[in-house]
Amino acid sequence: MRRLTKKKALTLVKELDAFPKVPESYVESTASGGTVSLIAFTLMAVLAFLEFFVYRNTWMKYEYEVDKDFSSKLKINVDITVAMRCQYIGADVLDLAETMVASDGLKYEPVNFELSPQQRLWQMTLLHIQERLRVEHSLQDLLFKAAIKGAPPDSSTSLSACRIHGHLYVNKVAGNFHITVGKSIPHPRGHAHLAALVSHDSFNFSHRIDHLSFGEAIPGLISPLDGTEKISADSNHMFQYFITIVPTKLNTYKVSAETHQYSVTEQERVINHAAGSHGVSGIFMKYDISSLMVKVTETHMPLWQFLIRLCGIVGGIFSTTGMIHGMVGFLVDVVCCRLQMGIYKPLNVSRNLADRVFILQ
């Protein structure tokens with residue numbers, strides 16, 4: 001009874017076979033079929049090879065959400081060279097609440113304002129990257145994945161300029177980071193700079209921004225002001241940068257960090273009180289923080305999707321080439337039949353005419 005049950009089960013399974021096997025005696029191999037099969041296998045191999053490269057490639061996924069972290073401090077990374085002596089200038093931050101932030105994290109280093117050939121080459125590279133980023137933002141995805149690092153400027157013993165570099169921690173509110181004449185001192189209404197003892201002839205706010213970023217400094221993120229150089233022909237000159245900061249979470253296969261990106265617009269003018277252009281000579285960077293956060297994640301095609309696409313390539317090419325080969329064979333058979341019928345008809349007509357002539361005779 002068990003053997004009969006097994007035989008019935010096997011018979012039932014065989015009846016459900018959706019892929020019946022054709023006996024080899026019924027199969028005929030042709031040269032055209034072999035040629036089509038060779039072309040099909042070649043296409044399968046090429047497309048599968050290209051699909052493997054797509055599977056290995058990664059891309060950046062951008063998501064947006066509300067930034068709920070307002071209690072933490074914002075880190076400002078500064079590296080600016082001003083064409084004035086260090087004892088004549090001071091840098092500090094004044095936020096929207098009129099709170100003066102201590103600039104203890106900044107260092108004043110006497111340097112030469114002119115760059116060495118290696119530094120000038122790096123600056124020109126930065127400016128070229130900035131120009132391309134304005135045209136094609138997808139270049140930033142490549143920089144994220146490459147995680148390149150910039151070369152720090154070399155120090156110099158010349159005292160013709162002052163390099164202000166370091167970092168500050170400020171509240172996450174709008175503020176004003178500025179470099180102007182004189183050292184800053186506390187004031188009941190905010191703060192003030194001791195500029196009375198500095199001669200106007202020594203004013204020169206030509207400057208170069210080697211680096212300015214907010215948050216954690218990470219490789220692969222080139223800030224819009226990196227490499228910017230401004231030359232002032234007038235001693236009383238005001239440079240203004242209006243910065244919008246966007247909190248950013250970056251998660252790639254090389255870097256995972258929370259930082260900030262920013263966009264900037266700039267303006268400059270000569271201070272001339274007689275002509276109605278009032279203000280204070282210096283470099284002013286007014287920043288504001290966006291309430292939206294950008295999440296940048298490096299994504300990869302999952303393995304199951306790669307396998308499905310690979311099966312689609314193999315099955316699609318196999319089915320398509322089989323259909324094309326069948327259609328071409330059918331058309332060839334039809335044309336051959338038509339040609340044969342066209343040859344047989346004139347022979348039959350000539351035979352009928354010959355028979356009629358013989359009967360008349």
# chains A, B, ... in the order shown; residues from 1 in each chain; ligands from 1
>>> select_by_dssp(residues="segment 179-257 of chain A", states="strand (DSSP E or B)", output="PDB file with N, CA and C atoms, in the first residue's frame")
ATOM      1  N   ILE A 179      36.077  90.654  12.563  1.00  0.00           N
ATOM      2  CA  ILE A 179      37.474  91.025  12.785  1.00  0.00           C
ATOM      3  C   ILE A 179      37.593  92.501  12.424  1.00  0.00           C
ATOM      4  N   THR A 180      37.977  93.297  13.398  1.00  0.00           N
ATOM      5  CA  THR A 180      38.072  94.730  13.144  1.00  0.00           C
ATOM      6  C   THR A 180      39.272  95.304  13.900  1.00  0.00           C
ATOM      7  N   VAL A 181      39.414  96.609  13.841  1.00  0.00           N
ATOM      8  CA  VAL A 181      40.586  97.261  14.426  1.00  0.00           C
ATOM      9  C   VAL A 181      40.468  97.275  15.947  1.00  0.00           C
ATOM     10  N   SER A 184      39.089  93.652  21.533  1.00  0.00           N
ATOM     11  CA  SER A 184      37.751  93.824  22.090  1.00  0.00           C
ATOM     12  C   SER A 184      37.805  93.836  23.612  1.00  0.00           C
ATOM     13  N   ILE A 185      36.926  94.629  24.216  1.00  0.00           N
ATOM     14  CA  ILE A 185      36.790  94.709  25.670  1.00  0.00           C
ATOM     15  C   ILE A 185      35.311  94.624  26.015  1.00  0.00           C
ATOM     16  N   PRO A 186      34.968  94.063  27.202  1.00  0.00           N
ATOM     17  CA  PRO A 186      33.557  94.006  27.604  1.00  0.00           C
ATOM     18  C   PRO A 186      32.979  95.399  27.791  1.00  0.00           C
ATOM     19  N   HIS A 187      31.651  95.478  27.556  1.00  0.00           N
ATOM     20  CA  HIS A 187      30.953  96.758  27.654  1.00  0.00           C
ATOM     21  C   HIS A 187      29.548  96.467  28.162  1.00  0.00           C
ATOM     22  N   GLY A 190      27.223  95.656  25.384  1.00  0.00           N
ATOM     23  CA  GLY A 190      27.716  94.700  24.403  1.00  0.00           C
ATOM     24  C   GLY A 190      29.212  94.553  24.505  1.00  0.00           C
ATOM     25  N   HIS A 191      29.923  95.213  23.613  1.00  0.00           N
ATOM     26  CA  HIS A 191      31.376  95.192  23.670  1.00  0.00           C
ATOM     27  C   HIS A 191      31.905  96.336  22.807  1.00  0.00           C
ATOM     28  N   ALA A 192      33.193  96.585  22.928  1.00  0.00           N
ATOM     29  CA  ALA A 192      33.827  97.659  22.168  1.00  0.00           C
ATOM     30  C   ALA A 192      35.233  97.218  21.792  1.00  0.00           C
ATOM     31  N   HIS A 193      35.797  97.931  20.803  1.00  0.00           N
ATOM     32  CA  HIS A 193      37.154  97.654  20.345  1.00  0.00           C
ATOM     33  C   HIS A 193      38.013  98.895  20.560  1.00  0.00           C
ATOM     34  N   HIS A 207      42.241  90.221   2.973  1.00  0.00           N
ATOM     35  CA  HIS A 207      42.246  88.986   3.766  1.00  0.00           C
ATOM     36  C   HIS A 207      42.087  87.776   2.860  1.00  0.00           C
ATOM     37  N   ARG A 208      42.418  86.654   3.421  1.00  0.00           N
ATOM     38  CA  ARG A 208      42.275  85.363   2.747  1.00  0.00           C
ATOM     39  C   ARG A 208      41.670  84.380   3.749  1.00  0.00           C
ATOM     40  N   ILE A 209      40.579  83.758   3.343  1.00  0.00           N
ATOM     41  CA  ILE A 209      39.904  82.779   4.200  1.00  0.00           C
ATOM     42  C   ILE A 209      40.402  81.389   3.791  1.00  0.00           C
ATOM     43  N   ASP A 210      41.337  80.870   4.544  1.00  0.00           N
ATOM     44  CA  ASP A 210      41.832  79.523   4.260  1.00  0.00           C
ATOM     45  C   ASP A 210      40.802  78.462   4.632  1.00  0.00           C
ATOM     46  N   HIS A 211      40.072  78.730   5.703  1.00  0.00           N
ATOM     47  CA  HIS A 211      39.033  77.773   6.109  1.00  0.00           C
ATOM     48  C   HIS A 211      38.048  78.461   7.041  1.00  0.00           C
ATOM     49  N   LEU A 212      36.774  78.198   6.796  1.00  0.00           N
ATOM     50  CA  LEU A 212      35.718  78.653   7.699  1.00  0.00           C
ATOM     51  C   LEU A 212      34.605  77.617   7.637  1.00  0.00           C
ATOM     52  N   SER A 213      34.357  76.972   8.763  1.00  0.00           N
ATOM     53  CA  SER A 213      33.307  75.956   8.806  1.00  0.00           C
ATOM     54  C   SER A 213      32.626  76.002  10.157  1.00  0.00           C
ATOM     55  N   PHE A 214      31.491  75.316  10.234  1.00  0.00           N
ATOM     56  CA  PHE A 214      30.701  75.269  11.460  1.00  0.00           C
ATOM     57  C   PHE A 214      30.470  73.802  11.822  1.00  0.00           C
ATOM     58  N   GLY A 215      30.613  73.501  13.101  1.00  0.00           N
ATOM     59  CA  GLY A 215      30.461  72.120  13.530  1.00  0.00           C
ATOM     60  C   GLY A 215      31.764  71.358  13.421  1.00  0.00           C
ATOM     61  N   THR A 228      38.844  81.784  -0.370  1.00  0.00           N
ATOM     62  CA  THR A 228      38.439  83.133  -0.801  1.00  0.00           C
ATOM     63  C   THR A 228      39.517  84.143  -0.422  1.00  0.00           C
ATOM     64  N   GLU A 229      39.840  85.030  -1.358  1.00  0.00           N
ATOM     65  CA  GLU A 229      40.836  86.076  -1.116  1.00  0.00           C
ATOM     66  C   GLU A 229      40.285  87.415  -1.594  1.00  0.00           C
ATOM     67  N   LYS A 230      40.347  88.417  -0.733  1.00  0.00           N
ATOM     68  CA  LYS A 230      39.869  89.756  -1.046  1.00  0.00           C
ATOM     69  C   LYS A 230      41.008  90.751  -0.840  1.00  0.00           C
ATOM     70  N   HIS A 237      37.706  99.913   4.560  1.00  0.00           N
ATOM     71  CA  HIS A 237      36.918  99.003   3.724  1.00  0.00           C
ATOM     72  C   HIS A 237      36.165  98.036   4.629  1.00  0.00           C
ATOM     73  N   MET A 238      34.905  97.786   4.275  1.00  0.00           N
ATOM     74  CA  MET A 238      34.075  96.836   5.028  1.00  0.00           C
ATOM     75  C   MET A 238      33.727  95.648   4.138  1.00  0.00           C
ATOM     76  N   PHE A 239      34.008  94.451   4.635  1.00  0.00           N
ATOM     77  CA  PHE A 239      33.637  93.211   3.951  1.00  0.00           C
ATOM     78  C   PHE A 239      32.559  92.520   4.787  1.00  0.00           C
ATOM     79  N   GLN A 240      31.454  92.193   4.154  1.00  0.00           N
ATOM     80  CA  GLN A 240      30.342  91.547   4.847  1.00  0.00           C
ATOM     81  C   GLN A 240      30.007  90.211   4.181  1.00  0.00           C
ATOM     82  N   TYR A 241      29.832  89.194   5.006  1.00  0.00           N
ATOM     83  CA  TYR A 241      29.424  87.865   4.549  1.00  0.00           C
ATOM     84  C   TYR A 241      28.154  87.474   5.309  1.00  0.00           C
ATOM     85  N   PHE A 242      27.098  87.182   4.562  1.00  0.00           N
ATOM     86  CA  PHE A 242      25.823  86.783   5.157  1.00  0.00           C
ATOM     87  C   PHE A 242      25.666  85.270   4.959  1.00  0.00           C
ATOM     88  N   ILE A 243      25.710  84.552   6.067  1.00  0.00           N
ATOM     89  CA  ILE A 243      25.823  83.089   6.042  1.00  0.00           C
ATOM     90  C   ILE A 243      24.544  82.461   6.599  1.00  0.00           C
ATOM     91  N   THR A 244      24.032  81.443   5.890  1.00  0.00           N
ATOM     92  CA  THR A 244      22.921  80.627   6.368  1.00  0.00           C
ATOM     93  C   THR A 244      23.439  79.225   6.635  1.00  0.00           C
ATOM     94  N   ILE A 245      23.377  78.803   7.888  1.00  0.00           N
ATOM     95  CA  ILE A 245      23.942  77.522   8.318  1.00  0.00           C
ATOM     96  C   ILE A 245      22.842  76.459   8.320  1.00  0.00           C
ATOM     97  N   VAL A 246      23.165  75.285   7.769  1.00  0.00           N
ATOM     98  CA  VAL A 246      22.221  74.161   7.722  1.00  0.00           C
ATOM     99  C   VAL A 246      22.838  72.977   8.471  1.00  0.00           C
ATOM    100  N   PRO A 247      22.226  72.532   9.582  1.00  0.00           N
ATOM    101  CA  PRO A 247      22.733  71.339  10.275  1.00  0.00           C
ATOM    102  C   PRO A 247      22.698  70.117   9.358  1.00  0.00           C
ATOM    103  N   THR A 248      23.730  69.312   9.422  1.00  0.00           N
ATOM    104  CA  THR A 248      23.871  68.177   8.505  1.00  0.00           C
ATOM    105  C   THR A 248      24.367  66.952   9.261  1.00  0.00           C
ATOM    106  N   LYS A 249      23.705  65.822   9.008  1.00  0.00           N
ATOM    107  CA  LYS A 249      24.178  64.527   9.498  1.00  0.00           C
ATOM    108  C   LYS A 249      24.733  63.756   8.312  1.00  0.00           C
ATOM    109  N   LEU A 250      26.004  63.445   8.370  1.00  0.00           N
ATOM    110  CA  LEU A 250      26.682  62.754   7.279  1.00  0.00           C
ATOM    111  C   LEU A 250      27.012  61.333   7.713  1.00  0.00           C
ATOM    112  N   ASN A 251      26.591  60.376   6.893  1.00  0.00           N
ATOM    113  CA  ASN A 251      26.847  58.968   7.196  1.00  0.00           C
ATOM    114  C   ASN A 251      27.286  58.272   5.911  1.00  0.00           C
ATOM    115  N   SER A 256      31.270  59.242   9.550  1.00  0.00           N
ATOM    116  CA  SER A 256      29.960  59.322  10.193  1.00  0.00           C
ATOM    117  C   SER A 256      30.050  60.420  11.246  1.00  0.00           C
ATOM    118  N   ALA A 257      29.382  61.548  10.991  1.00  0.00           N
ATOM    119  CA  ALA A 257      29.526  62.692  11.880  1.00  0.00           C
ATOM    120  C   ALA A 257      28.342  63.629  11.710  1.00  0.00           C
TER     121      ALA A 257
END
>>> closest_atom_pairs(of="segment 219-308 of chain A", to="segment 65-87 of chain A", cutoff="7 Å", atoms="only C-alpha atoms", output="tab-separated table")
residue	atom	partner	partner_atom	distance
A:Ser291	CA	A:Asp67	CA	5.5
A:Leu292	CA	A:Val66	CA	4.6
A:Met293	CA	A:Asp67	CA	5.2
A:Val294	CA	A:Glu65	CA	6.7
>>> write_last_selection(atoms="C-alpha atoms", output="compact mmCIF listing (two decimals), in the first residue's frame")
# COMPACT_ATOMS: atom_id res chain seq x y z
CA SER A 291 15.58 75.07 11.46
CA LEU A 292 15.83 72.19 8.94
CA MET A 293 18.41 69.43 9.13
CA VAL A 294 19.81 67.56 6.13
>>> closest_residue(among="A:Asp226, A:Glu15, A:Glu216, A:Glu51", to="Glu258 of chain A", atoms="only C-alpha atoms")
A:Glu216
>>> residues_around(residues="Pro302 of chain A", least_positions_apart="6", cutoff="12 Å", atoms="only C-alpha atoms", output="PyMOL selection string")
chain A and resi 52+54-58+308-309
>>> atom_distance(atom1="atom CA of Ile89 of chain A", atom2="atom CA of Val173 of chain A")
25.2 Å
>>> atom_distance(atom1="atom CA of Lys14 of chain A", atom2="atom CA of Cys311 of chain A")
25.9 Å
>>> atom_distance(atom1="atom CA of Glu131 of chain A", atom2="atom CA of Arg163 of chain A")
25.3 Å
